[in-house]
Structure formats: C-alpha cells, structure tokens
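Asks: Contents of upload-v8.txt (compact mmCIF, C-alpha atoms) are below:
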# COMPACT_ATOMS: atom_id res chain seq x y z
CA MET A 1 17.29 8.63 -12.82
CA PRO A 2 15.61 10.74 -15.52
CA ASP A 3 14.07 13.91 -14.10
CA ASN A 4 11.15 13.89 -16.53
CA PRO A 5 10.47 10.45 -17.94
CA ILE A 6 8.48 10.86 -21.13
CA ASP A 7 8.64 7.39 -22.66
CA ARG A 8 5.66 5.12 -22.37
CA CYS A 9 7.43 2.89 -19.85
CA ILE A 10 4.18 2.04 -18.07
CA GLU A 11 1.83 0.47 -20.57
CA ASN A 12 -1.06 0.15 -18.14
CA LEU A 13 -1.97 0.57 -14.48
CA ARG A 14 -4.74 -1.61 -13.12
CA ILE A 15 -6.45 -1.94 -9.78
CA PHE A 16 -7.96 -5.11 -8.37
CA SER A 17 -9.63 -6.08 -5.12
CA THR A 18 -8.74 -9.05 -2.93
CA GLY A 19 -11.95 -8.73 -0.98
CA THR A 20 -13.76 -6.21 1.17
CA GLY A 21 -13.18 -5.13 4.73
CA ALA A 22 -14.72 -2.75 7.20
CA LEU A 23 -13.21 -0.36 9.73
CA HIS A 24 -14.69 1.55 12.61
CA PRO A 25 -15.32 5.24 11.77
CA GLU A 26 -12.83 6.16 14.52
CA HIS A 27 -10.18 4.05 12.78
CA ARG A 28 -10.71 5.58 9.36
CA ASN A 29 -11.53 9.18 10.30
CA GLY A 30 -9.68 9.66 13.56
CA SER A 31 -11.06 10.21 17.06
CA ARG A 32 -10.24 11.88 20.34
CA LYS A 33 -11.29 8.73 22.14
CA PRO A 34 -8.54 6.40 23.40
CA GLN A 35 -7.84 3.77 20.76
CA LEU A 36 -8.58 0.76 22.96
CA TRP A 37 -11.90 2.34 23.95
CA TRP A 38 -13.23 2.63 20.41
CA VAL A 39 -11.79 -0.75 19.44
CA LEU A 40 -13.80 -2.45 22.19
CA THR A 41 -16.96 -0.31 22.17
CA SER A 42 -17.60 1.03 18.66
CA LYS A 43 -20.54 -0.64 16.92
CA SER A 44 -20.33 1.21 13.59
CA TRP A 45 -18.46 0.06 10.51
CA ILE A 46 -17.37 1.60 7.20
CA LYS A 47 -16.75 -0.72 4.26
CA VAL A 48 -13.43 -0.40 2.45
CA PRO A 49 -11.91 -2.27 -0.50
CA LEU A 50 -8.80 -4.40 0.00
CA ASN A 51 -7.07 -3.24 -3.16
CA ALA A 52 -3.76 -3.89 -4.83
CA PHE A 53 -2.31 -2.52 -8.07
CA LEU A 54 -0.77 -4.08 -11.16
CA ILE A 55 1.75 -1.98 -13.08
CA GLU A 56 2.25 -3.30 -16.59
CA HIS A 57 5.73 -1.98 -17.30
CA ARG A 58 7.37 -2.59 -20.66
CA ASP A 59 10.16 -4.51 -18.87
CA GLY A 60 7.92 -6.65 -16.70
CA LEU A 61 4.94 -6.80 -14.37
CA VAL A 62 5.16 -5.02 -11.00
CA LEU A 63 2.69 -5.17 -8.13
CA PHE A 64 2.06 -2.47 -5.57
CA ASP A 65 1.04 -4.60 -2.59
CA THR A 66 -0.38 -8.11 -2.82
CA GLY A 67 -3.67 -7.83 -0.93
CA ILE A 68 -5.00 -10.14 1.76
CA ASP A 69 -4.93 -13.93 1.99
CA PRO A 70 -8.53 -15.30 2.03
CA THR A 71 -7.32 -18.04 4.36
CA ILE A 72 -7.37 -15.55 7.23
CA LYS A 73 -11.17 -15.77 7.09
CA SER A 74 -11.46 -19.57 6.99
CA ASP A 75 -8.53 -20.70 9.15
CA PRO A 76 -8.99 -19.93 12.89
CA SER A 77 -5.27 -20.52 13.48
CA TYR A 78 -4.07 -18.13 10.76
CA ILE A 79 -3.01 -15.66 13.47
CA ASP A 80 -0.72 -17.34 16.01
CA SER A 81 -1.33 -14.77 18.74
CA ALA A 82 -4.39 -15.40 20.92
CA ILE A 83 -4.68 -11.66 21.57
CA GLY A 84 -4.52 -11.04 17.84
CA ARG A 85 -7.32 -13.51 17.18
CA PHE A 86 -9.40 -11.82 19.88
CA LEU A 87 -8.83 -8.32 18.53
CA LEU A 88 -9.12 -9.07 14.81
CA LYS A 89 -12.91 -9.26 14.70
CA ARG A 90 -13.14 -6.15 16.90
CA ILE A 91 -10.90 -4.08 14.61
CA PHE A 92 -11.70 -5.49 11.16
CA GLN A 93 -14.64 -7.09 9.44
CA LEU A 94 -13.61 -9.19 6.47
CA ASP A 95 -15.73 -10.31 3.53
CA LEU A 96 -13.49 -12.66 1.56
CA GLY A 97 -14.10 -15.45 -0.91
CA PRO A 98 -11.87 -18.19 -2.33
CA ASN A 99 -11.52 -16.29 -5.61
CA ASP A 100 -10.23 -13.15 -3.90
CA GLY A 101 -6.66 -14.43 -3.60
CA LEU A 102 -3.86 -12.79 -5.56
CA ASP A 103 -3.46 -15.68 -8.00
CA GLN A 104 -7.15 -15.67 -8.94
CA GLN A 105 -7.32 -11.91 -9.25
CA LEU A 106 -4.29 -11.78 -11.53
CA MET A 107 -5.85 -14.51 -13.66
CA SER A 108 -8.96 -12.36 -14.03
CA LEU A 109 -6.69 -9.63 -15.44
CA GLY A 110 -5.18 -12.02 -17.97
CA HIS A 111 -1.93 -12.72 -16.13
CA ARG A 112 -0.41 -15.52 -14.08
CA ALA A 113 1.10 -15.03 -10.66
CA ALA A 114 4.27 -16.55 -12.11
CA ASP A 115 4.52 -13.57 -14.50
CA ILE A 116 5.12 -11.05 -11.70
CA GLN A 117 8.70 -9.74 -11.70
CA LYS A 118 8.62 -7.45 -8.67
CA ALA A 119 6.22 -6.51 -5.89
CA VAL A 120 6.48 -3.24 -3.99
CA ILE A 121 5.20 -3.66 -0.44
CA SER A 122 3.92 -0.36 0.97
CA HIS A 123 4.12 -1.80 4.51
CA LEU A 124 4.03 -5.19 6.18
CA HIS A 125 0.44 -5.34 7.50
CA PHE A 126 -1.30 -8.63 6.76
CA ASP A 127 -3.75 -7.13 4.25
CA HIS A 128 -0.86 -5.96 2.05
CA VAL A 129 1.43 -9.01 2.09
CA GLY A 130 -1.21 -11.74 1.90
CA GLY A 131 -0.38 -12.80 -1.64
CA ILE A 132 3.39 -13.21 -1.43
CA ALA A 133 3.23 -17.02 -1.27
CA HIS A 134 1.87 -17.00 -4.84
CA ILE A 135 4.87 -15.10 -6.25
CA PRO A 136 8.06 -16.81 -4.98
CA GLN A 137 9.91 -15.73 -8.14
CA ALA A 138 9.22 -12.03 -7.56
CA GLU A 139 11.55 -9.62 -5.84
CA LEU A 140 9.69 -8.21 -2.83
CA LEU A 141 10.74 -4.60 -2.22
CA VAL A 142 10.20 -3.17 1.28
CA SER A 143 11.83 -0.25 3.04
CA ARG A 144 14.62 -1.15 5.42
CA ASN A 145 12.89 0.73 8.27
CA GLU A 146 9.77 -1.35 7.73
CA TRP A 147 11.72 -4.59 7.62
CA ALA A 148 13.42 -3.72 10.91
CA GLN A 149 10.10 -4.14 12.71
CA LEU A 150 10.45 -7.90 12.36
CA SER A 151 13.34 -7.72 14.82
CA SER A 152 11.17 -6.14 17.51
CA PRO A 153 9.91 -8.43 20.32
CA HIS A 154 6.23 -8.53 19.27
CA PRO A 155 5.61 -7.30 15.69
CA GLU A 156 2.23 -9.05 15.72
CA ARG A 157 0.98 -6.36 18.10
CA GLU A 158 1.23 -4.02 15.11
CA TRP A 159 -0.50 -6.55 12.82
CA ILE A 160 2.78 -7.63 11.27
CA LEU A 161 2.44 -11.42 11.20
CA ARG A 162 5.96 -12.80 11.04
CA GLU A 163 4.80 -16.32 10.18
CA HIS A 164 3.21 -15.08 6.94
CA ILE A 165 6.12 -12.79 5.99
CA GLU A 166 9.26 -14.82 6.67
CA LEU A 167 8.31 -17.57 4.23
CA PRO A 168 11.16 -19.80 2.98
CA SER A 169 10.09 -19.09 -0.58
CA ALA A 170 9.80 -15.30 -0.23
CA ASN A 171 12.43 -13.24 -2.06
CA TRP A 172 12.58 -10.17 0.19
CA ARG A 173 14.82 -7.22 -0.63
CA PRO A 174 14.94 -4.39 1.93
CA ILE A 175 15.76 -1.15 0.13
CA ASP A 176 17.48 2.09 1.08
CA PHE A 177 16.36 5.46 -0.22
CA VAL A 178 19.09 7.48 -1.93
CA SER A 179 19.41 11.21 -2.49
CA THR A 180 18.19 12.72 -5.73
CA ASN A 181 18.77 15.90 -7.71
CA ASP A 182 15.14 15.96 -8.80
CA PRO A 183 13.71 19.05 -7.05
CA VAL A 184 10.24 17.50 -7.16
CA LEU A 185 11.38 14.54 -5.06
CA SER A 186 14.17 15.97 -2.91
CA PRO A 187 11.83 17.07 -0.04
CA PHE A 188 11.25 13.38 0.73
CA GLY A 189 14.92 13.00 1.65
CA GLY A 190 15.52 10.11 -0.72
CA CYS A 191 13.95 7.83 -3.27
CA TYR A 192 14.36 4.45 -4.92
CA ASP A 193 14.02 3.90 -8.67
CA VAL A 194 12.44 0.47 -9.16
CA MET A 195 13.04 0.00 -12.90
CA GLY A 196 15.94 2.40 -13.44
CA ASP A 197 14.00 4.66 -15.81
CA GLY A 198 12.18 7.01 -13.44
CA SER A 199 8.76 5.54 -14.14
CA ILE A 200 8.27 3.88 -10.72
CA VAL A 201 9.91 5.80 -7.91
CA LEU A 202 9.45 4.84 -4.26
CA LEU A 203 9.29 7.55 -1.60
CA PRO A 204 9.43 7.24 2.19
CA THR A 205 6.09 8.25 3.73
CA PRO A 206 6.21 6.98 7.32
CA GLY A 207 3.38 7.44 9.77
CA HIS A 208 0.97 4.56 9.31
CA THR A 209 3.98 2.38 10.10
CA PRO A 210 7.61 3.49 10.62
CA GLY A 211 8.69 2.31 7.18
CA SER A 212 5.63 2.93 5.01
CA LEU A 213 6.37 4.00 1.46
CA SER A 214 4.52 5.40 -1.54
CA ALA A 215 5.09 4.92 -5.27
CA LEU A 216 5.18 7.76 -7.80
CA LEU A 217 4.35 6.58 -11.30
CA ARG A 218 5.24 8.78 -14.27
CA SER A 219 4.90 7.74 -17.88
CA GLU A 220 3.80 9.19 -21.18
CA GLY A 221 0.09 8.81 -21.82
CA MET A 222 -1.10 9.05 -18.22
CA ALA A 223 -1.23 11.64 -15.48
CA PRO A 224 1.35 11.15 -12.71
CA VAL A 225 -0.02 8.86 -10.01
CA LEU A 226 1.01 8.57 -6.37
CA LEU A 227 0.01 5.32 -4.69
CA ILE A 228 0.11 6.07 -0.96
CA GLY A 229 -0.88 2.74 0.58
CA ASP A 230 -2.43 3.38 3.99
CA LEU A 231 -0.84 6.77 4.62
CA SER A 232 -4.46 7.93 4.59
CA TYR A 233 -7.74 6.18 3.90
CA ASP A 234 -9.08 9.15 1.94
CA VAL A 235 -7.15 11.72 -0.06
CA ASP A 236 -9.37 14.61 1.06
CA MET A 237 -8.43 13.78 4.64
CA LEU A 238 -4.76 13.97 3.71
CA MET A 239 -5.19 17.29 1.92
CA ASN A 240 -7.02 18.68 4.98
CA ASP A 241 -4.44 17.29 7.44
CA GLN A 242 -7.05 15.05 9.09
CA LEU A 243 -5.33 12.14 10.80
CA PRO A 244 -6.75 8.61 10.98
CA GLY A 245 -7.20 6.82 14.28
CA THR A 246 -3.96 4.83 14.11
CA GLY A 247 -0.33 5.58 13.38
CA ASN A 248 2.27 8.09 14.54
CA GLY A 249 0.67 11.54 14.42
CA GLU A 250 3.88 13.53 14.01
CA GLN A 251 5.17 11.31 11.21
CA LEU A 252 1.78 11.34 9.50
CA ARG A 253 1.65 15.14 9.48
CA GLN A 254 5.17 15.34 8.05
CA SER A 255 4.37 12.85 5.30
CA PHE A 256 1.02 14.55 4.58
CA ALA A 257 2.85 17.87 4.11
CA LYS A 258 5.36 16.32 1.70
CA VAL A 259 2.60 14.76 -0.37
CA ARG A 260 0.73 18.06 -0.52
CA ALA A 261 3.95 19.80 -1.62
CA LEU A 262 4.36 17.16 -4.34
CA LYS A 263 0.84 17.92 -5.51
CA GLU A 264 1.78 21.60 -5.79
CA GLN A 265 4.78 20.67 -7.94
CA LEU A 266 2.70 18.27 -10.06
CA PRO A 267 -0.77 19.88 -10.28
CA ASN A 268 -2.22 17.02 -12.33
CA LEU A 269 -0.99 14.41 -9.83
CA ILE A 270 -3.60 11.76 -8.97
CA ILE A 271 -3.23 10.49 -5.40
CA ILE A 272 -4.73 7.08 -4.67
CA ALA A 273 -5.08 5.50 -1.23
CA THR A 274 -5.29 1.72 -1.16
CA HIS A 275 -8.53 1.52 0.83
CA ASP A 276 -10.22 4.55 -0.71
CA GLN A 277 -13.71 3.64 -1.88
CA ALA A 278 -13.18 5.96 -4.87
CA ALA A 279 -9.80 4.46 -5.85
CA LYS A 280 -11.08 2.98 -9.12
CA VAL A 281 -12.68 6.28 -10.14
CA LYS A 282 -9.45 8.16 -9.45
CA LEU A 283 -7.42 5.66 -11.42
CA LYS A 284 -9.78 6.07 -14.36
CA ALA A 285 -9.21 9.83 -14.21
CA ALA A 286 -5.46 9.31 -14.32
CA LYS A 287 -5.76 7.27 -17.50
CA ALA A 288 -8.22 9.61 -19.23
CA PRO A 289 -6.91 11.41 -22.34
CA SER A 290 -5.70 14.96 -21.73
CA PRO A 291 -8.09 17.64 -23.02
Show how you would write the structure in this file as structure tokens.
Replies:
Amino acid sequence: MPDNPIDRCIENLRIFSTGTGALHPEHRNGSRKPQLWWVLTSKSWIKVPLNAFLIEHRDGLVLFDTGIDPTIKSDPSYIDSAIGRFLLKRIFQLDLGPNDGLDQQLMSLGHRAADIQKAVISHLHFDHVGGIAHIPQAELLVSRNEWAQLSSPHPEREWILREHIELPSANWRPIDFVSTNDPVLSPFGGCYDVMGDGSIVLLPTPGHTPGSLSALLRSEGMAPVLLIGDLSYDVDMLMNDQLPGTGNGEQLRQSFAKVRALKEQLPNLIIIATHDQAAKVKLKAAKAPSP
C-alpha cells in the first residue's frame, strides 16, 4: 500500500441522507443515568441525519454505509422481535419517506444502484445496512469481528437485524485487518486497503459495536477525510473524550485516542461522523481548495 497516495484516485466524495432520525440527548451526549432508565423516561429528542457516503473512485463507485430502509417506518413487522418493536419508538424517532431509500438517493446523485462496485459497512446496525438489497452485485465489506455478532444468540438485542442482513442476494465479505509499515496507521494495529492504492483504507475503531470500523480517504485534490460511522455522534465530543450513552466505554476511549493521534499526524484531517448535523459542512471543507 502506498504510504502517501498522491494520485487523484478519488474523483469525488459525496454525502446523501436516507432520512432523518432523532435520539434522546442521553443517547447522543452520554449520561450517568442507567441506560434503560433514560430509554423509558426521557421525553427530549435531538434530530440527526441518517447519512451515507458515495466515493467516486476512478476504478468504481464505493459506498460507506447504505443508510436505512424506509420500509422500517411503514411495515409494522419489519422487526421480528416483539421487544425490538416495543423499544424502537422509545429509542429512535424516524422521519422517512419513500424517496429516502438508497436506490432513489443514488439516482438523485446521477447514479444507479447497479453501478455500485463495493460498499463498506461501518457496522451492522439497521440504519447502516438498510440499502443492501438494492446492490446485490456489490461486495459488502464488514470487519470479521462485526460479522461474528451474527453468531451470538440474540444479535437483535444490539439492533443487528439478522433477517435484513443475511439476504440470499447479499454479497458479504468479512475482512481482516493486516499490519502496515505506515507509521500514521500502525497505532490502529492493522488496516485494510479497499482499492489497493491507499486511497480508501479501513481502520478498526471498536466501541460503538465490537467490530466498528472507520475509513481513511486520501487523494490528491482533497484534504484527508476520516469517516468514523457512529464511533461518535459529534467530532468535538470525540476530541474531548466525551462518551455517548451507548457502546463499550473502554473500547470507545481507546478508539478515540487513536483517532486523535491520527489527527496529530495529519493536521488537516477532516473527521466526519455519520449522524453529525454538520457532516455536510465538514465535507465541503474537505473539498475546498487549499489556500
């Protein structure tokens, strides 16, 4: 893998929304209250976008996550688990329309779902894998640790809905992170080069889920970008070591520290969280011409 990719391998990076959701403040910002307490009693909500990203690479189109399936809003049986159906409306508010699906959103960007070559899945939560049925031809990259959760007795308790992941048409490829000589990336303990040219490199950033990953994008003509999925809901929170209300605290702190160290190595790095309300503004800054 090239240490310093300088070619314009990534021709464009675009963000799109598959709808809008809302989280409790305790979920987004963290809380000392027991999780079940704020889930059942909190009356406040914070709106968040349900984003995904399209990487227009010179060798093909790559997605970072696939957003949510609008059917979850209209089909009462979308979640098999009765407990899951009960908890969904107490944990998430969803504002979704029929045009928010992955296929329609890609069409609005001038592409067909059939054009997607690969999709990187940051983690297996339902609001990140909801579009996979539209891209059966695409290779779906997920970390092996994340994939292993499907073998646990009740993955749906962690909002991993097996029935919408293990589709007969889905082309899943669990990946392993390999060691690297790149001193910028070595603190992560491994990486995975998606296109073989160093432009899209996946890094393990567990904490939100055991196998969550982030994607480092480096290409001539744009600032380096780190897409962190749901590692944090707000980059300032990550930089200040403020944990959200869900996830493994120890793993989150370790991943936060590695991301902050990466930022020190790459001062112009733009870090973008999937549900950050300012994600589009940050992406615009990454694509702005250098002074």
Asks: Considering all atoms listed in the file, state which residue in the set A:Leu96, A:Leu61, A:Val235, A:Ala288 is at the smallest distance from A:Thr18.
Replies: A:Leu96
Asks: Need the shell around A:Ile55: protein/DNA/RNA residues with any atom at most 10 Å away, counting only C-alpha atoms. Skip same-chain ones fewer than 4 positions apart. Format as an NGL selection string?
Replies: :A and (10-15 or 60-64 or 116 or 118-119 or 200 or 217)
Asks: Determine the nearest neighbour of A:Gly84 from the options A:Ile160, A:Leu50, A:Gly221, A:Ser31, counting all atoms listed in the file.
Replies: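 Looking only at the distances to A:Gly84, the closest residue turns out to be A:Ile160.
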Asks: So how many Å separate atom CA of A:Arg173 and atom CA of A:Leu140, to one decimal?
Replies: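 If I compute the distance from atom CA of A:Arg173 to atom CA of A:Leu140, I get 5.7 Å.
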Asks: Counting only C-alpha atoms, which of A:Arg8, A:Leu23, A:Asn29, A:Ser199 gets nearest to A:Leu243?
Replies: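 Nearest candidate to A:Leu243 out of A:Arg8, A:Leu23, A:Asn29, A:Ser199: A:Asn29.
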Asks: Determine, counting only C-alpha atoms, which protein, DNA and RNA residues have an atom within 12 Å of an atom of A:Gly130; residues of the same chain fewer than 2 positions away are not included. Present the result as a ChimeraX atom specification.
Replies: /A:18-19,50-52,65-73,78,100-103,119,121,123-128,132-135,160-167,170
Asks: Please report the interatomic distance between atom CA of A:His57 and atom CA of A:Gly198 in Å with one decimal.
Replies: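 A separation of 11.7 Å between them.
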Asks: Quick check, in Å to one decimal: how far apart do atom CA of A:Arg253 and atom CA of A:Ala273 lie?
Replies: 15.9 Å
Asks: Find, counting only C-alpha atoms, the residue in A:Gln265, A:Ser122, A:Asn171, A:Asn248 that gets nearest to A:Val184.
Replies: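 The closest residue to A:Val184 is A:Gln265.
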Asks: Compute the distance from (-3.0, 7.7, 0.1) to each atom, counting all atoms listed in the file, keep the residues with any atom at most 7 Å away, and return them as an MDAnalysis selection string; use the coordinates of the file.
Replies: chainID A and resid 227:235 271:274
Asks: Adding 8 Å on each side of the box along x, y and z that holds all listed atoms of stretch 269-275 of chain A, could you give its centre and edge lengths in Å to one decimal, as AutoDock Vina command-line options?
Replies:
--center_x -4.8 --center_y 8.0 --center_z -4.5 --size_x 23.5 --size_y 28.9 --size_z 26.7
Asks: When you count only C-alpha atoms, which of these residues is closest to A:Asp276: A:Leu203, A:Val259, A:Leu238, A:Leu40?
Replies: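 The closest residue to A:Asp276 is A:Leu238.
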Asks: With only C-alpha atoms as the basis for distance, which of A:Thr20, A:Asn240, A:Ser255, A:Gln117 is at the shortest distance from A:Pro136?
Replies: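 For A:Pro136, the nearest of the candidates is A:Gln117.
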Asks: Can you pull out the residues contacting A:Gly21? Cut-off 6 Å, using all atoms listed in the file, and skip same-chain residues under 5 positions away; I want them as an MDAnalysis selection string.
Replies: chainID A and resid 47:48 93:95
Asks: So that I can see what lies close to A:Trp38, please list as a list in words the residues with an atom at most 12 Å from it, counting only C-alpha atoms and leaving out residues fewer than 3 positions away in the same chain.
Replies: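 After dropping sequence-adjacent residues, the list is Leu23, His24, Pro25, Glu26, His27, Arg28, Gly30, Ser31, Arg32, Lys33, Pro34, Gln35, Thr41, Ser42, Lys43, Ser44, Trp45, Leu87, Arg90, Ile91, Gly245 and Thr246 of chain A.
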